[in-house]
>>> print(open('work.cif').read())   # mmCIF, C-alpha atoms, pLDDT in the B column; chains and numbers go by the auth columns
data_query
#
loop_
_atom_site.group_PDB
_atom_site.id
_atom_site.type_symbol
_atom_site.label_atom_id
_atom_site.label_comp_id
_atom_site.label_asym_id
_atom_site.label_seq_id
_atom_site.Cartn_x
_atom_site.Cartn_y
_atom_site.Cartn_z
_atom_site.B_iso_or_equiv
_atom_site.auth_seq_id
_atom_site.auth_asym_id
ATOM 1 C CA MET A 1 0.000 0.000 0.000 91.00 14 A
ATOM 2 C CA LYS A 2 2.872 2.356 0.783 92.00 15 A
ATOM 3 C CA GLN A 3 4.309 1.851 -2.709 93.00 16 A
ATOM 4 C CA GLY A 4 0.869 2.409 -4.231 92.00 17 A
ATOM 5 C CA ILE A 5 0.466 5.693 -2.356 94.00 18 A
ATOM 6 C CA LYS A 6 3.907 6.789 -3.559 93.00 19 A
ATOM 7 C CA ASP A 7 3.048 5.963 -7.178 91.00 20 A
ATOM 8 C CA GLY A 8 -0.248 7.841 -6.878 91.00 21 A
ATOM 9 C CA VAL A 9 1.261 11.197 -5.828 91.00 22 A
ATOM 10 C CA PRO A 10 1.871 12.613 -9.357 89.00 23 A
ATOM 11 C CA ILE A 11 -1.581 11.434 -10.480 89.00 24 A
ATOM 12 C CA ALA A 12 -3.197 13.200 -7.521 90.00 25 A
ATOM 13 C CA ILE A 13 -1.420 16.470 -8.337 88.00 26 A
ATOM 14 C CA GLY A 14 -2.610 16.345 -11.942 85.00 27 A
ATOM 15 C CA TYR A 15 -6.139 15.428 -10.903 89.00 28 A
ATOM 16 C CA PHE A 16 -6.347 18.349 -8.485 90.00 29 A
ATOM 17 C CA SER A 17 -5.656 20.903 -11.216 83.00 30 A
ATOM 18 C CA VAL A 18 -8.158 19.404 -13.667 84.00 31 A
ATOM 19 C CA SER A 19 -10.922 18.886 -11.105 89.00 32 A
ATOM 20 C CA PHE A 20 -10.410 22.457 -9.876 88.00 33 A
ATOM 21 C CA THR A 21 -11.549 23.588 -13.314 83.00 34 A
ATOM 22 C CA PHE A 22 -14.542 21.235 -13.141 89.00 35 A
ATOM 23 C CA GLY A 23 -15.549 22.541 -9.718 91.00 36 A
ATOM 24 C CA MET A 24 -15.267 26.119 -10.910 86.00 37 A
ATOM 25 C CA LEU A 25 -17.367 25.345 -13.987 84.00 38 A
ATOM 26 C CA ALA A 26 -19.978 23.592 -11.836 89.00 39 A
ATOM 27 C CA ALA A 27 -20.261 26.586 -9.513 87.00 40 A
ATOM 28 C CA LYS A 28 -20.499 28.929 -12.490 83.00 41 A
ATOM 29 C CA SER A 29 -23.349 26.780 -13.839 84.00 42 A
ATOM 30 C CA GLY A 30 -25.337 27.047 -10.619 86.00 43 A
ATOM 31 C CA ILE A 31 -24.515 23.645 -9.111 90.00 44 A
ATOM 32 C CA SER A 32 -23.924 23.675 -5.356 91.00 45 A
ATOM 33 C CA ILE A 33 -20.553 22.791 -3.836 92.00 46 A
ATOM 34 C CA PHE A 34 -22.040 19.679 -2.229 95.00 47 A
ATOM 35 C CA HIS A 35 -23.437 18.329 -5.488 93.00 48 A
ATOM 36 C CA ALA A 36 -20.268 19.182 -7.421 93.00 49 A
ATOM 37 C CA VAL A 37 -18.180 17.220 -4.902 95.00 50 A
ATOM 38 C CA LEU A 38 -20.727 14.374 -4.961 95.00 51 A
ATOM 39 C CA ILE A 39 -20.478 14.169 -8.767 94.00 52 A
ATOM 40 C CA SER A 40 -16.685 13.858 -8.593 94.00 53 A
ATOM 41 C CA LEU A 41 -16.803 11.329 -5.756 95.00 54 A
ATOM 42 C CA LEU A 42 -19.291 9.034 -7.505 93.00 55 A
ATOM 43 C CA ASN A 43 -17.988 9.353 -11.086 91.00 56 A
ATOM 44 C CA LEU A 44 -14.216 9.888 -11.025 90.00 57 A
ATOM 45 C CA THR A 45 -14.016 10.548 -14.774 88.00 58 A
ATOM 46 C CA SER A 46 -12.824 13.834 -16.228 82.00 59 A
ATOM 47 C CA ALA A 47 -14.188 13.547 -19.773 81.00 60 A
ATOM 48 C CA GLY A 48 -17.427 11.977 -18.558 87.00 61 A
ATOM 49 C CA GLN A 49 -18.041 14.688 -15.979 90.00 62 A
ATOM 50 C CA PHE A 50 -17.358 17.577 -18.346 86.00 63 A
ATOM 51 C CA ALA A 51 -19.602 15.973 -20.968 85.00 64 A
ATOM 52 C CA GLY A 52 -22.244 15.300 -18.340 88.00 65 A
ATOM 53 C CA MET A 53 -22.056 18.925 -17.232 88.00 66 A
ATOM 54 C CA ASN A 54 -22.661 20.069 -20.801 84.00 67 A
ATOM 55 C CA ALA A 55 -25.623 17.685 -21.059 85.00 68 A
ATOM 56 C CA ILE A 56 -27.092 19.056 -17.816 87.00 69 A
ATOM 57 C CA LEU A 57 -26.699 22.658 -18.985 84.00 70 A
ATOM 58 C CA ALA A 58 -28.313 21.748 -22.322 82.00 71 A
ATOM 59 C CA GLN A 59 -31.217 20.137 -20.422 85.00 72 A
ATOM 60 C CA ALA A 60 -30.601 16.868 -22.236 83.00 73 A
ATOM 61 C CA SER A 61 -32.796 13.853 -21.574 86.00 74 A
ATOM 62 C CA PHE A 62 -31.771 10.967 -19.333 89.00 75 A
ATOM 63 C CA MET A 63 -31.341 8.810 -22.438 88.00 76 A
ATOM 64 C CA GLU A 64 -28.920 11.317 -23.966 84.00 77 A
ATOM 65 C CA MET A 65 -26.995 11.488 -20.710 87.00 78 A
ATOM 66 C CA ALA A 66 -26.813 7.690 -20.461 89.00 79 A
ATOM 67 C CA LEU A 67 -25.661 7.250 -24.074 86.00 80 A
ATOM 68 C CA THR A 68 -23.087 10.027 -23.741 84.00 81 A
ATOM 69 C CA GLN A 69 -21.594 8.444 -20.627 87.00 82 A
ATOM 70 C CA LEU A 70 -21.642 4.993 -22.226 86.00 83 A
ATOM 71 C CA VAL A 71 -19.737 6.171 -25.296 82.00 84 A
ATOM 72 C CA ILE A 72 -17.188 8.191 -23.339 82.00 85 A
ATOM 73 C CA ASN A 73 -16.598 5.791 -20.439 86.00 86 A
ATOM 74 C CA ILE A 74 -16.883 2.400 -22.121 83.00 87 A
ATOM 75 C CA ARG A 75 -13.083 2.311 -22.311 81.00 88 A
ATOM 76 C CA TYR A 76 -13.007 1.739 -18.542 87.00 89 A
ATOM 77 C CA SER A 77 -14.676 -1.629 -19.052 86.00 90 A
ATOM 78 C CA LEU A 78 -11.876 -2.688 -21.370 82.00 91 A
ATOM 79 C CA MET A 79 -9.257 -1.379 -18.928 85.00 92 A
ATOM 80 C CA SER A 80 -10.896 -3.277 -16.069 89.00 93 A
ATOM 81 C CA LEU A 81 -10.910 -6.525 -18.062 87.00 94 A
ATOM 82 C CA SER A 82 -7.225 -6.099 -18.810 85.00 95 A
ATOM 83 C CA LEU A 83 -6.368 -5.114 -15.239 89.00 96 A
ATOM 84 C CA SER A 84 -8.273 -8.088 -13.812 89.00 97 A
ATOM 85 C CA GLN A 85 -5.675 -10.361 -15.412 87.00 98 A
ATOM 86 C CA LYS A 86 -2.901 -8.312 -13.795 89.00 99 A
ATOM 87 C CA LEU A 87 -4.262 -8.765 -10.269 91.00 100 A
ATOM 88 C CA ASP A 88 -2.907 -11.556 -8.113 89.00 101 A
ATOM 89 C CA SER A 89 -5.040 -14.679 -7.888 87.00 102 A
ATOM 90 C CA SER A 90 -5.443 -14.075 -4.133 88.00 103 A
ATOM 91 C CA VAL A 91 -7.509 -10.919 -4.815 89.00 104 A
ATOM 92 C CA LYS A 92 -11.111 -11.814 -4.014 92.00 105 A
ATOM 93 C CA VAL A 93 -14.218 -10.698 -5.907 92.00 106 A
ATOM 94 C CA ARG A 94 -15.209 -8.066 -3.332 93.00 107 A
ATOM 95 C CA GLU A 95 -11.696 -6.606 -3.519 92.00 108 A
ATOM 96 C CA ARG A 96 -11.852 -6.523 -7.307 92.00 109 A
ATOM 97 C CA LEU A 97 -15.159 -4.645 -7.089 92.00 110 A
ATOM 98 C CA ALA A 98 -13.564 -2.124 -4.740 92.00 111 A
ATOM 99 C CA VAL A 99 -10.589 -1.685 -7.088 92.00 112 A
ATOM 100 C CA SER A 100 -12.880 -1.209 -10.098 92.00 113 A
ATOM 101 C CA TYR A 101 -14.164 2.044 -8.578 93.00 114 A
ATOM 102 C CA GLY A 102 -10.791 3.707 -9.114 91.00 115 A
ATOM 103 C CA VAL A 103 -9.879 2.470 -12.595 91.00 116 A
ATOM 104 C CA THR A 104 -8.972 5.575 -14.605 89.00 117 A
ATOM 105 C CA ASP A 105 -6.635 6.091 -17.569 84.00 118 A
ATOM 106 C CA GLU A 106 -3.663 7.110 -15.417 87.00 119 A
ATOM 107 C CA ILE A 107 -4.213 4.552 -12.660 90.00 120 A
ATOM 108 C CA PHE A 108 -4.595 1.815 -15.255 88.00 121 A
ATOM 109 C CA ALA A 109 -1.380 2.900 -16.993 84.00 122 A
ATOM 110 C CA VAL A 110 0.640 2.890 -13.766 88.00 123 A
ATOM 111 C CA ALA A 111 -0.773 -0.430 -12.547 89.00 124 A
ATOM 112 C CA SER A 112 -0.232 -2.108 -15.920 85.00 125 A
ATOM 113 C CA SER A 113 3.395 -0.993 -16.064 83.00 126 A
ATOM 114 C CA LYS A 114 4.293 -2.747 -12.804 86.00 127 A
ATOM 115 C CA PRO A 115 6.250 -5.977 -13.354 85.00 128 A
ATOM 116 C CA GLY A 116 4.515 -9.200 -12.394 86.00 129 A
ATOM 117 C CA THR A 117 1.163 -9.334 -10.629 90.00 130 A
ATOM 118 C CA ILE A 118 -0.158 -6.764 -8.172 92.00 131 A
ATOM 119 C CA GLY A 119 -2.247 -7.132 -5.044 91.00 132 A
ATOM 120 C CA ALA A 120 -5.344 -5.411 -3.743 91.00 133 A
ATOM 121 C CA HIS A 121 -3.479 -3.337 -1.155 93.00 134 A
ATOM 122 C CA TYR A 122 -1.190 -1.840 -3.789 93.00 135 A
ATOM 123 C CA MET A 123 -4.260 -0.814 -5.807 94.00 136 A
ATOM 124 C CA TYR A 124 -5.911 0.672 -2.710 95.00 137 A
ATOM 125 C CA GLY A 125 -2.828 2.813 -2.138 94.00 138 A
ATOM 126 C CA LEU A 126 -2.588 3.787 -5.804 94.00 139 A
ATOM 127 C CA ILE A 127 -6.241 4.873 -5.888 94.00 140 A
ATOM 128 C CA LEU A 128 -6.344 6.712 -2.542 95.00 141 A
ATOM 129 C CA LEU A 129 -4.491 9.966 -3.300 94.00 142 A
ATOM 130 C CA PRO A 130 -5.879 10.438 -6.845 93.00 143 A
ATOM 131 C CA VAL A 131 -9.425 10.184 -5.464 95.00 144 A
ATOM 132 C CA LEU A 132 -8.612 12.691 -2.723 95.00 145 A
ATOM 133 C CA GLY A 133 -6.959 14.965 -5.284 93.00 146 A
ATOM 134 C CA TRP A 134 -9.923 14.767 -7.650 94.00 147 A
ATOM 135 C CA VAL A 135 -12.547 15.376 -4.971 96.00 148 A
ATOM 136 C CA GLY A 136 -10.428 17.985 -3.176 95.00 149 A
ATOM 137 C CA GLY A 137 -9.786 19.871 -6.398 93.00 150 A
ATOM 138 C CA THR A 138 -13.502 19.895 -7.168 94.00 151 A
ATOM 139 C CA PHE A 139 -14.269 21.288 -3.724 95.00 152 A
ATOM 140 C CA ALA A 140 -11.586 23.981 -4.028 93.00 153 A
ATOM 141 C CA GLY A 141 -12.733 24.951 -7.519 90.00 154 A
ATOM 142 C CA ALA A 142 -16.414 25.052 -6.559 91.00 155 A
ATOM 143 C CA ALA A 143 -15.641 27.094 -3.451 91.00 156 A
ATOM 144 C CA ALA A 144 -13.520 29.532 -5.448 86.00 157 A
ATOM 145 C CA GLY A 145 -16.219 29.749 -8.114 80.00 158 A
ATOM 146 C CA SER A 146 -18.802 30.596 -5.478 78.00 159 A
ATOM 147 C CA LEU A 147 -16.697 33.318 -3.855 79.00 160 A
ATOM 148 C CA LEU A 148 -14.827 34.965 -6.721 74.00 161 A
ATOM 149 C CA PRO A 149 -16.396 37.796 -8.758 75.00 162 A
ATOM 150 C CA ALA A 150 -18.139 36.849 -12.007 69.00 163 A
ATOM 151 C CA GLU A 151 -15.474 38.612 -14.107 71.00 164 A
ATOM 152 C CA ILE A 152 -12.657 36.515 -12.642 70.00 165 A
ATOM 153 C CA ILE A 153 -14.663 33.290 -12.942 66.00 166 A
ATOM 154 C CA SER A 154 -15.337 34.066 -16.605 66.00 167 A
ATOM 155 C CA ALA A 155 -11.639 34.698 -17.203 67.00 168 A
ATOM 156 C CA LEU A 156 -10.600 31.508 -15.406 63.00 169 A
ATOM 157 C CA GLY A 157 -13.087 29.581 -17.536 61.00 170 A
ATOM 158 C CA VAL A 158 -10.613 29.910 -20.400 67.00 171 A
ATOM 159 C CA ALA A 159 -8.424 27.427 -18.507 61.00 172 A
ATOM 160 C CA LEU A 160 -10.858 24.661 -19.464 57.00 173 A
ATOM 161 C CA TYR A 161 -10.264 25.230 -23.167 68.00 174 A
ATOM 162 C CA GLY A 162 -6.545 25.568 -22.552 69.00 175 A
ATOM 163 C CA MET A 163 -6.556 22.186 -20.813 59.00 176 A
ATOM 164 C CA PHE A 164 -8.244 20.467 -23.756 66.00 177 A
ATOM 165 C CA ILE A 165 -5.888 22.152 -26.222 77.00 178 A
ATOM 166 C CA ALA A 166 -2.891 21.044 -24.161 72.00 179 A
ATOM 167 C CA ILE A 167 -4.184 17.470 -24.191 66.00 180 A
ATOM 168 C CA VAL A 168 -5.187 17.196 -27.856 79.00 181 A
ATOM 169 C CA VAL A 169 -2.830 19.365 -29.912 84.00 182 A
ATOM 170 C CA PRO A 170 0.575 17.834 -28.941 84.00 183 A
ATOM 171 C CA VAL A 171 -0.669 14.288 -29.519 81.00 184 A
ATOM 172 C CA ALA A 172 -2.376 15.232 -32.791 85.00 185 A
ATOM 173 C CA ALA A 173 0.786 16.939 -34.020 89.00 186 A
ATOM 174 C CA GLU A 174 2.821 13.815 -33.290 88.00 187 A
ATOM 175 C CA HIS A 175 0.441 11.140 -34.527 88.00 188 A
ATOM 176 C CA LYS A 176 -1.300 11.253 -37.897 91.00 189 A
ATOM 177 C CA GLU A 177 -4.053 8.931 -36.692 90.00 190 A
ATOM 178 C CA VAL A 178 -5.059 11.235 -33.841 88.00 191 A
ATOM 179 C CA LYS A 179 -4.930 14.263 -36.141 92.00 192 A
ATOM 180 C CA VAL A 180 -7.383 12.654 -38.597 93.00 193 A
ATOM 181 C CA VAL A 181 -9.795 11.675 -35.809 91.00 194 A
ATOM 182 C CA VAL A 182 -9.638 15.130 -34.187 90.00 195 A
ATOM 183 C CA LEU A 183 -10.184 16.978 -37.488 94.00 196 A
ATOM 184 C CA THR A 184 -13.055 14.641 -38.373 94.00 197 A
ATOM 185 C CA ALA A 185 -14.778 15.272 -35.053 90.00 198 A
ATOM 186 C CA LEU A 186 -14.138 19.011 -35.394 91.00 199 A
ATOM 187 C CA CYS A 187 -15.576 19.244 -38.910 94.00 200 A
ATOM 188 C CA LEU A 188 -18.609 17.103 -38.077 92.00 201 A
ATOM 189 C CA SER A 189 -19.318 19.065 -34.889 89.00 202 A
ATOM 190 C CA THR A 190 -19.086 22.353 -36.789 91.00 203 A
ATOM 191 C CA ALA A 191 -21.394 21.049 -39.517 91.00 204 A
ATOM 192 C CA LEU A 192 -23.999 19.888 -36.996 88.00 205 A
ATOM 193 C CA TYR A 193 -23.851 23.276 -35.304 86.00 206 A
ATOM 194 C CA TYR A 194 -24.329 25.419 -38.412 88.00 207 A
ATOM 195 C CA LEU A 195 -26.329 23.266 -40.852 87.00 208 A
ATOM 196 C CA PRO A 196 -30.138 23.395 -40.606 85.00 209 A
ATOM 197 C CA ILE A 197 -30.398 19.646 -39.985 81.00 210 A
ATOM 198 C CA GLY A 198 -28.126 20.032 -36.972 76.00 211 A
ATOM 199 C CA LYS A 199 -30.590 22.395 -35.326 75.00 212 A
ATOM 200 C CA ARG A 200 -32.986 19.464 -34.914 78.00 213 A
ATOM 201 C CA ILE A 201 -30.379 17.428 -33.019 78.00 214 A
ATOM 202 C CA SER A 202 -29.734 18.131 -29.344 69.00 215 A
ATOM 203 C CA SER A 203 -26.207 18.849 -28.157 67.00 216 A
ATOM 204 C CA GLY A 204 -26.106 15.528 -26.295 65.00 217 A
ATOM 205 C CA PHE A 205 -26.811 13.455 -29.397 74.00 218 A
ATOM 206 C CA SER A 206 -24.502 15.679 -31.461 79.00 219 A
ATOM 207 C CA MET A 207 -21.667 14.770 -29.100 74.00 220 A
ATOM 208 C CA ILE A 208 -22.505 11.073 -29.396 77.00 221 A
ATOM 209 C CA ILE A 209 -22.627 11.231 -33.222 85.00 222 A
ATOM 210 C CA CYS A 210 -19.293 13.053 -33.470 85.00 223 A
ATOM 211 C CA THR A 211 -17.569 10.706 -31.010 81.00 224 A
ATOM 212 C CA VAL A 212 -18.799 7.454 -32.539 84.00 225 A
ATOM 213 C CA PHE A 213 -18.255 8.541 -36.158 90.00 226 A
ATOM 214 C CA ALA A 214 -14.758 9.963 -35.608 89.00 227 A
ATOM 215 C CA ALA A 215 -13.614 7.027 -33.482 85.00 228 A
ATOM 216 C CA GLY A 216 -15.131 4.531 -35.929 89.00 229 A
ATOM 217 C CA LEU A 217 -13.394 6.192 -38.869 92.00 230 A
ATOM 218 C CA GLY A 218 -10.100 6.068 -36.996 90.00 231 A
ATOM 219 C CA ALA A 219 -10.567 2.384 -36.250 88.00 232 A
ATOM 220 C CA VAL A 220 -11.267 1.628 -39.929 91.00 233 A
ATOM 221 C CA LEU A 221 -8.452 3.729 -41.377 91.00 234 A
ATOM 222 C CA PHE A 222 -5.826 2.967 -38.743 89.00 235 A
ATOM 223 C CA PRO A 223 -6.483 -0.484 -37.267 86.00 236 A
ATOM 224 C CA ILE A 224 -4.076 -1.747 -34.623 74.00 237 A
ATOM 225 C CA LYS A 225 -2.727 -5.161 -35.496 72.00 238 A
ATOM 226 C CA GLU A 226 -2.931 -7.711 -32.725 62.00 239 A
ATOM 227 C CA GLU A 227 0.334 -9.303 -31.696 55.00 240 A
ATOM 228 C CA GLN A 228 0.716 -12.919 -32.734 52.00 241 A
ATOM 229 C CA GLU A 229 2.185 -15.248 -30.134 47.00 242 A
#
>>> encode(input="work.cif", output="structure tokens")
Amino acid sequence: MKQGIKDGVPIAIGYFSVSFTFGMLAAKSGISIFHAVLISLLNLTSAGQFAGMNAILAQASFMEMALTQLVINIRYSLMSLSLSQKLDSSVKVRERLAVSYGVTDEIFAVASSKPGTIGAHYMYGLILLPVLGWVGGTFAGAAAGSLLPAEIISALGVALYGMFIAIVVPVAAEHKEVKVVVLTALCLSTALYYLPIGKRISSGFSMIICTVFAAGLGAVLFPIKEEQE
């Protein structure tokens, strides 16, 4: 557990900064500090929470919300299946269920990179600080968003777009596959926003269409070959 906590420190620091932006956006949107923290505690997914926030603000239906979360977060199911084979055989079902709560992109990457098998206590330690960082950052951001003047909150809101640019642009510039997927999603999203037919589609379903189409096109054009034993 001590080693897991040590490995989780850099993840927690990164999570705090991102969730601070989410908390600030939630407060700006009229969501209380309690509910903003509750969302982060029960979801623990950056992309899913930001998309869910947009769906809430757009007054999307429950079906749109469910489909949006399914499309965005389905990767966690695949990560959990892979990670389940990494866990030691002594890890019981109830412990695996507890570990599944904290499976995120970064936690999965760190756990998968460890040599050999890993136990439940290592995963508990690895998950602990990132969860505290994510929830704590949300609380700090929501509190700041509730106290700061509207002008400053509006200015800090630019940080959200800066975060997405910092995530997408470097990877897209380095990898042709990512660039094609990003440009496809961008063009389709713009078309749905401006074309008359797009006016009939809610923002929630527009997000689902762009995500599925762009990701599907990337899978067709740039398939990853499975390694042969």
>>> resolve_selection(input="work.cif", expression="the PyMOL selection byres ((chain A and resi 93-110) around 8)", output="ChimeraX atom specification")
/A:89-92,111-114,116,121,124-125,129-133
>>> write_last_selection(input="work.cif", atoms="C-alpha atoms", output="compact mmCIF listing (two decimals), in the coordinates of the input")
# COMPACT_ATOMS: atom_id res chain seq x y z
CA TYR A 89 -13.01 1.74 -18.54
CA SER A 90 -14.68 -1.63 -19.05
CA LEU A 91 -11.88 -2.69 -21.37
CA MET A 92 -9.26 -1.38 -18.93
CA ALA A 111 -13.56 -2.12 -4.74
CA VAL A 112 -10.59 -1.68 -7.09
CA SER A 113 -12.88 -1.21 -10.10
CA TYR A 114 -14.16 2.04 -8.58
CA VAL A 116 -9.88 2.47 -12.60
CA PHE A 121 -4.60 1.82 -15.26
CA ALA A 124 -0.77 -0.43 -12.55
CA SER A 125 -0.23 -2.11 -15.92
CA GLY A 129 4.51 -9.20 -12.39
CA THR A 130 1.16 -9.33 -10.63
CA ILE A 131 -0.16 -6.76 -8.17
CA GLY A 132 -2.25 -7.13 -5.04
CA ALA A 133 -5.34 -5.41 -3.74
>>> closest_residue(input="work.cif", among="A:Leu139, A:Ala68, A:Val148, A:Ala39", to="A:Gln16", atoms="only C-alpha atoms")
A:Leu139
>>> residues_around(input="work.cif", residues="stretch 43-47 of chain A", least_positions_apart="4", cutoff="12 Å", atoms="only C-alpha atoms", output="NGL selection string")
:A and (33 or 35-39 or 51-54 or 66 or 69-70 or 148-160)
>>> residues_around(input="work.cif", residues="stretch 225-233 of chain A", least_positions_apart="6", cutoff="8 Å", atoms="only C-alpha atoms", output="JSON list (two decimals) with C-alpha atoms, in the coordinates of the input")
[["chain", "number", "residue", "atom", "x", "y", "z"],
["A", 84, "VAL", "CA", -19.74, 6.17, -25.30],
["A", 190, "GLU", "CA", -4.05, 8.93, -36.69],
["A", 191, "VAL", "CA", -5.06, 11.24, -33.84],
["A", 193, "VAL", "CA", -7.38, 12.65, -38.60],
["A", 194, "VAL", "CA", -9.80, 11.68, -35.81],
["A", 195, "VAL", "CA", -9.64, 15.13, -34.19],
["A", 197, "THR", "CA", -13.06, 14.64, -38.37],
["A", 198, "ALA", "CA", -14.78, 15.27, -35.05]]
>>> atom_distance(input="work.cif", atom1="atom CA of A:Trp147", atom2="atom CA of A:Val123")
17.0 Å
>>> atom_distance(input="work.cif", atom1="atom CA of A:Val50", atom2="atom CA of A:Gln62")
11.4 Å
>>> axis_aligned_box(input="work.cif", around="stretch 89-98 of chain A", padding_each_side="6 Å", output="AutoDock Vina command-line options")
--center_x -10.2 --center_y -4.3 --center_z -17.6 --size_x 21.0 --size_y 24.1 --size_z 19.6
>>> residues_near_point(input="work.cif", point="(-6.1, 19.5, -13.0)", cutoff="10 Å", atoms="all atoms listed in the file", output="PyMOL selection string")
chain A and resi 24-35+59+146-147+150-151+172-173+176
>>> closest_residue(input="work.cif", among="A:Leu83, A:Ala64, A:Cys223, A:Ile178", to="A:Cys200", atoms="only C-alpha atoms")
A:Cys223
>>> atom_distance(input="work.cif", atom1="atom CA of A:Tyr207", atom2="atom CA of A:Ala73")
19.3 Å
>>> closest_residue(input="work.cif", among="A:Ala40, A:Ala71, A:Val182, A:Leu208", to="A:Leu196", atoms="all atoms listed in the file")
A:Val182
>>> resolve_selection(input="work.cif", expression="the PyMOL selection byres ((chain A and resi 17) around 6)", output="PyMOL selection string")
chain A and resi 14-16+18-20+135+138-139
>>> write_last_selection(input="work.cif", atoms="C-alpha atoms", output="short mmCIF file (atom, residue, chain, number, x, y, z; two decimals), in the frame of the given file")
data_model
loop_
_atom_site.label_atom_id
_atom_site.label_comp_id
_atom_site.auth_asym_id
_atom_site.auth_seq_id
_atom_site.Cartn_x
_atom_site.Cartn_y
_atom_site.Cartn_z
CA MET A 14 0.00 0.00 0.00
CA LYS A 15 2.87 2.36 0.78
CA GLN A 16 4.31 1.85 -2.71
CA ILE A 18 0.47 5.69 -2.36
CA LYS A 19 3.91 6.79 -3.56
CA ASP A 20 3.05 5.96 -7.18
CA TYR A 135 -1.19 -1.84 -3.79
CA GLY A 138 -2.83 2.81 -2.14
CA LEU A 139 -2.59 3.79 -5.80
#
